[in-house]
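Chemist: Here it is: the structure, laid out below.
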Amino acid sequence: MSPMAENWVRLLGPPAIESPGSTPPQPRGRKAWALLAYLALQADGTGRSRTAALLFPDAADPLGALRWNLSELRRALDGVTVAGDPLRLDLLPPWRCDALDAMDPATGPGTDPRRFTGQLLEGLAFTDSPVFDSWLADQRYRLDNVVQSLLYEAALAALASDAAGDAAELAALALERDPFHADCNAVLVKALIAAGEYRKARAHAVHCGNLYRQELGLPLPAEVRRALFDADPEPDPGTPATAATVRSYLDAGGASLWAGSVDRGLEQLRLAVSLAQHTGNSHLVAESLVTLSGALIHQAGGRGAEVADLLHRALQAEGPDGASRTAAAAYRELGYLSVQRGVPDRAAGWLDQAMQAAGGFPDEQARILAIQGMLASDTARYGAASAALTESGNLAKAVGNRRQQAFSAALLGRVHLLRGELELAGAVLDRALAWIAEEHWTAFEPFVAGVRGETYLAAGEMEQAAAFIDRAWVMAELAGDHCYMALAAGAEARLFAKHGDLAAAEHWIDRGLEPKPWYLWYSARLLDTAAEVAIAIRSPRAAGFVDRLGELASRSGMREFVVRGQSHRALLGDEAAAEAVLWLAREIDNPALTAFLAERHPG
């Protein structure tokens, strides 16, 4: 039987309806396309009155205008159901939509990202519908980020499959979108070296270094330098490449890391990988690669192309064998990287694959649920975050993993803090701090101490707040952890702002902006505080902070920060933002956000 011919809704680039062998009717008018895109990207549906007010704010009969445009969609989309209240667009086979395919968490290495080209509703503008125009700008940033990530991931997968030419092409396409993407530059260098194109690899590294120096005033990114110069260590020729020696190096590496000797531990794990590759045991190779990548991520702060490459190589070595602890860990770490890089659609896909592979491994399921909870919290889906983190903590307790209990509890405390549930936050965070003390897990303490300090701050208990926040800063700075430094600096800024010392708050904001953390949620929170302080002191920097926050939040799906960014814009005199802020906030269940906006935008 021949495959069913597919009809396409093309929303990326100039919008069009495509059907093989025919020229289907096209929706008439900008608003029909706007309605189609809006319904396609509202998975849970949207109320008719809300949609009519969004798209036809100046119409004499908004619901009548909505009905006319719905009839246009039904005329063009033969066989597609567009009905109900809330309105839903059901695109069933043979219908597909390029924007939905791009954002589908199930989209993986089998999908060619080269077919996702152009901007959402390219060439169309909606200044007469300012709230929809704001929504469209957010979605354009989000889709651009998703496609960039798909190209990057596909390049890594091609590199792991020894398809160096494809990897180089995909990385080059990603760099056309963002020439300053350090990881894509590193992958292109790796791919050229793998293809034997050493001169081209060096030339690209020089070009990249010149670009960074001339345009940004920065040196060549460390990821690119490592891709060009670092070589894997070679074991002593007399060391036998057996499973026993590999596991000995894995154990030694784990012991070194536990004792705080990170460099020594990483060297031992790299040797384990090198030996494993000589054993012919693909599962052992995968296990060694995942162990090394986990150490780089969680002990050495690695977040870039090097660790992503290791994880893709591990999945290639493990093969499609279904449930596997090693595969689950690799998928989980890829999901964790995507959460921190602010690509929630891709993170969801990796974490779904991780959970599918983790059947029968409750300890691994606890880890995956914690990252799913982190993702849900970052995207302001607080109910889902609380459920995932609670279940993670319960599983961790059942298997006796105290550190995982502390990690999940700390993230749950952050959810309660963000929602203004201060008593719940304090109780959960105090438990996490007790477990951290029992485990002597000082590396994680700056996060929990900082969040606990902010809980005291929100409750008006200034002395306790200062003690915890100061401790968080000192420990983060001593460890050199950029993420925790940004978190603690933001907490210091909010502490001084609460005291009315806005000059000191501004100082701490500048200190926090220096480290450039991998985890973009911290950057967004710091920019949010920077905007508040700059607006309060009437600083000319305010508009710049607000613009940076808006773009980052939109690209990364951080819905609450999108709303807060629009609130800042409204205070700076943007009338369209004033209309958009309360509209967008209705989609977020957060009493603290509702109270904040009610005070800022009365009526």
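Identifiers for the structure tokens are assigned positionally: chains receive A, B, ... in sequence, residues are indexed from 1 per chain, and ligands are indexed from 1 in the order shown.
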I want to know what sits within 9 Å of stretch 574-588 of chain A, based on only C-alpha atoms, with residues of the same chain fewer than 6 positions away left out; could you give that as a PyMOL selection string?
Modeler: chain A and resi 54+129-135+380-382+559-560+562-568+594+597+601
Chemist: Contacts between stretch 524-529 of chain A and stretch 367-441 of chain A, please, where a residue of stretch 367-441 of chain A counts if it comes within 12 Å (with only C-alpha atoms); show its shortest atom pair and distance in Å to one decimal, rows by chain and ascending number, as CSV.
Modeler:
residue,atom,partner,partner_atom,distance
A:Asp378,CA,A:Ala524,CA,10.1
A:Thr379,CA,A:Ala524,CA,11.8
A:Leu418,CA,A:Arg525,CA,11.1
Chemist: How would the residues just chosen look if you wrote them out with all heavy atoms as a compact mmCIF listing (two decimals), in the first residue's frame?
Modeler:
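Produced file result_12.txt, reproduced below:
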# COMPACT_ATOMS: atom_id res chain seq x y z
N ASP A 378 10.26 26.34 35.23
CA ASP A 378 10.85 27.40 34.39
C ASP A 378 9.83 27.98 33.42
O ASP A 378 9.90 29.15 33.06
CB ASP A 378 12.04 26.86 33.60
CG ASP A 378 13.26 26.59 34.46
OD1 ASP A 378 13.18 26.83 35.68
OD2 ASP A 378 14.28 26.13 33.92
N THR A 379 8.90 27.15 32.96
CA THR A 379 7.90 27.59 31.98
C THR A 379 6.57 27.96 32.64
O THR A 379 5.55 28.07 31.96
CB THR A 379 7.69 26.50 30.92
OG1 THR A 379 7.37 25.25 31.56
CG2 THR A 379 8.94 26.31 30.07
N LEU A 418 8.12 31.03 44.42
CA LEU A 418 7.64 31.80 43.27
C LEU A 418 6.14 32.02 43.33
O LEU A 418 5.63 33.03 42.83
CB LEU A 418 8.02 31.08 41.97
CG LEU A 418 9.53 30.99 41.68
CD1 LEU A 418 9.78 30.14 40.45
CD2 LEU A 418 10.14 32.37 41.52
Chemist: For stretch 339-354 of chain A, work out the shell of residues within 8 Å, counting only C-alpha atoms and skipping chain neighbours fewer than 4 positions away, then give it as number ranges by chain.
Modeler: A: 103-108, 145-146, 149-150, 327-332, 334-335, 358, 368, 371-372, 374-375, 379, 518-521, 555-557
Chemist: Can you write out the residues you just picked, keeping N, CA and C atoms, as a compact mmCIF listing (two decimals), in the first residue's frame?
Modeler:
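New file out34.txt:
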# COMPACT_ATOMS: atom_id res chain seq x y z
N MET A 103 8.07 21.90 16.80
CA MET A 103 7.97 22.00 18.26
C MET A 103 7.54 20.70 18.92
N ASP A 104 7.24 19.68 18.13
CA ASP A 104 6.81 18.40 18.69
C ASP A 104 7.95 17.79 19.49
N PRO A 105 7.75 17.50 20.79
CA PRO A 105 8.83 16.88 21.57
C PRO A 105 9.31 15.57 20.99
N ALA A 106 8.46 14.88 20.21
CA ALA A 106 8.87 13.61 19.63
C ALA A 106 9.79 13.78 18.43
N THR A 107 9.92 15.00 17.91
CA THR A 107 10.82 15.24 16.78
C THR A 107 12.24 14.93 17.21
N GLY A 108 12.90 14.04 16.47
CA GLY A 108 14.23 13.61 16.87
C GLY A 108 15.17 13.50 15.70
N ASN A 145 14.45 29.55 18.11
CA ASN A 145 15.29 28.84 19.06
C ASN A 145 15.17 27.34 18.89
N VAL A 146 13.96 26.86 18.67
CA VAL A 146 13.74 25.42 18.49
C VAL A 146 14.46 24.92 17.24
N SER A 149 18.14 24.72 17.66
CA SER A 149 18.51 23.56 18.48
C SER A 149 18.39 22.27 17.70
N LEU A 150 17.38 22.15 16.85
CA LEU A 150 17.25 20.95 16.03
C LEU A 150 18.44 20.79 15.09
N ALA A 327 21.01 4.36 28.56
CA ALA A 327 20.31 5.21 27.60
C ALA A 327 19.44 6.24 28.33
N ALA A 328 18.77 5.80 29.39
CA ALA A 328 17.93 6.73 30.15
C ALA A 328 18.76 7.88 30.71
N ALA A 329 19.94 7.56 31.24
CA ALA A 329 20.80 8.61 31.78
C ALA A 329 21.27 9.56 30.69
N ALA A 330 21.60 9.03 29.52
CA ALA A 330 22.04 9.89 28.41
C ALA A 330 20.92 10.82 27.97
N TYR A 331 19.72 10.28 27.80
CA TYR A 331 18.57 11.13 27.42
C TYR A 331 18.30 12.18 28.50
N ARG A 332 18.39 11.74 29.77
CA ARG A 332 18.13 12.69 30.87
C ARG A 332 19.13 13.84 30.84
N LEU A 334 20.79 14.99 28.30
CA LEU A 334 20.49 15.85 27.16
C LEU A 334 19.29 16.75 27.47
N GLY A 335 18.31 16.19 28.17
CA GLY A 335 17.17 16.99 28.60
C GLY A 335 17.59 18.08 29.58
N ALA A 358 13.66 4.28 31.05
CA ALA A 358 13.97 4.07 32.47
C ALA A 358 13.00 3.10 33.15
N ILE A 368 14.85 11.79 36.55
CA ILE A 368 14.16 12.35 35.38
C ILE A 368 13.00 13.23 35.82
N ILE A 371 14.07 16.71 36.80
CA ILE A 371 14.38 17.61 35.70
C ILE A 371 13.08 18.02 34.99
N GLN A 372 12.12 17.11 34.91
CA GLN A 372 10.82 17.50 34.36
C GLN A 372 10.16 18.56 35.23
N MET A 374 11.79 20.76 37.09
CA MET A 374 12.54 21.99 36.84
C MET A 374 12.04 22.66 35.56
N LEU A 375 11.84 21.86 34.51
CA LEU A 375 11.35 22.38 33.23
C LEU A 375 9.96 23.00 33.39
N THR A 379 8.90 27.15 32.96
CA THR A 379 7.90 27.59 31.98
C THR A 379 6.57 27.96 32.64
N TRP A 518 25.20 29.31 32.55
CA TRP A 518 24.63 28.42 31.53
C TRP A 518 23.12 28.31 31.69
N TYR A 519 22.67 28.24 32.94
CA TYR A 519 21.24 28.06 33.21
C TYR A 519 20.55 29.40 33.00
N LEU A 520 19.82 29.51 31.89
CA LEU A 520 19.30 30.80 31.47
C LEU A 520 18.17 31.32 32.36
N TRP A 521 17.53 30.46 33.13
CA TRP A 521 16.50 30.94 34.06
C TRP A 521 17.10 31.93 35.05
N ARG A 555 12.31 33.42 23.71
CA ARG A 555 13.05 32.32 23.08
C ARG A 555 12.97 31.06 23.93
N SER A 556 12.97 31.23 25.26
CA SER A 556 13.11 30.11 26.17
C SER A 556 11.80 29.61 26.75
N GLY A 557 10.68 30.17 26.31
CA GLY A 557 9.39 29.71 26.80
C GLY A 557 9.15 29.99 28.27
Chemist: Pick out the closest residue to A:Cys483 from this set: A:Arg303, A:Tyr38, A:Ala366, A:Phe596. Count only C-alpha atoms.
Modeler: A:Arg303
Chemist: Pick out the residues sitting within 8 Å of stretch 59-64 of chain A, and hand them over as a PDB file with C-alpha atoms, in the first residue's frame; count only C-alpha atoms, and ignore anything fewer than 6 positions along from it in its own chain.
Modeler:
ATOM      1  CA  ARG A  48     -14.082  32.011  21.396  1.00  0.00           C
ATOM      2  CA  SER A  49     -14.608  35.338  23.123  1.00  0.00           C
ATOM      3  CA  ALA A  52     -12.237  37.271  19.041  1.00  0.00           C
ATOM      4  CA  ALA A  53     -11.014  40.020  21.379  1.00  0.00           C
TER       5      ALA A  53
END
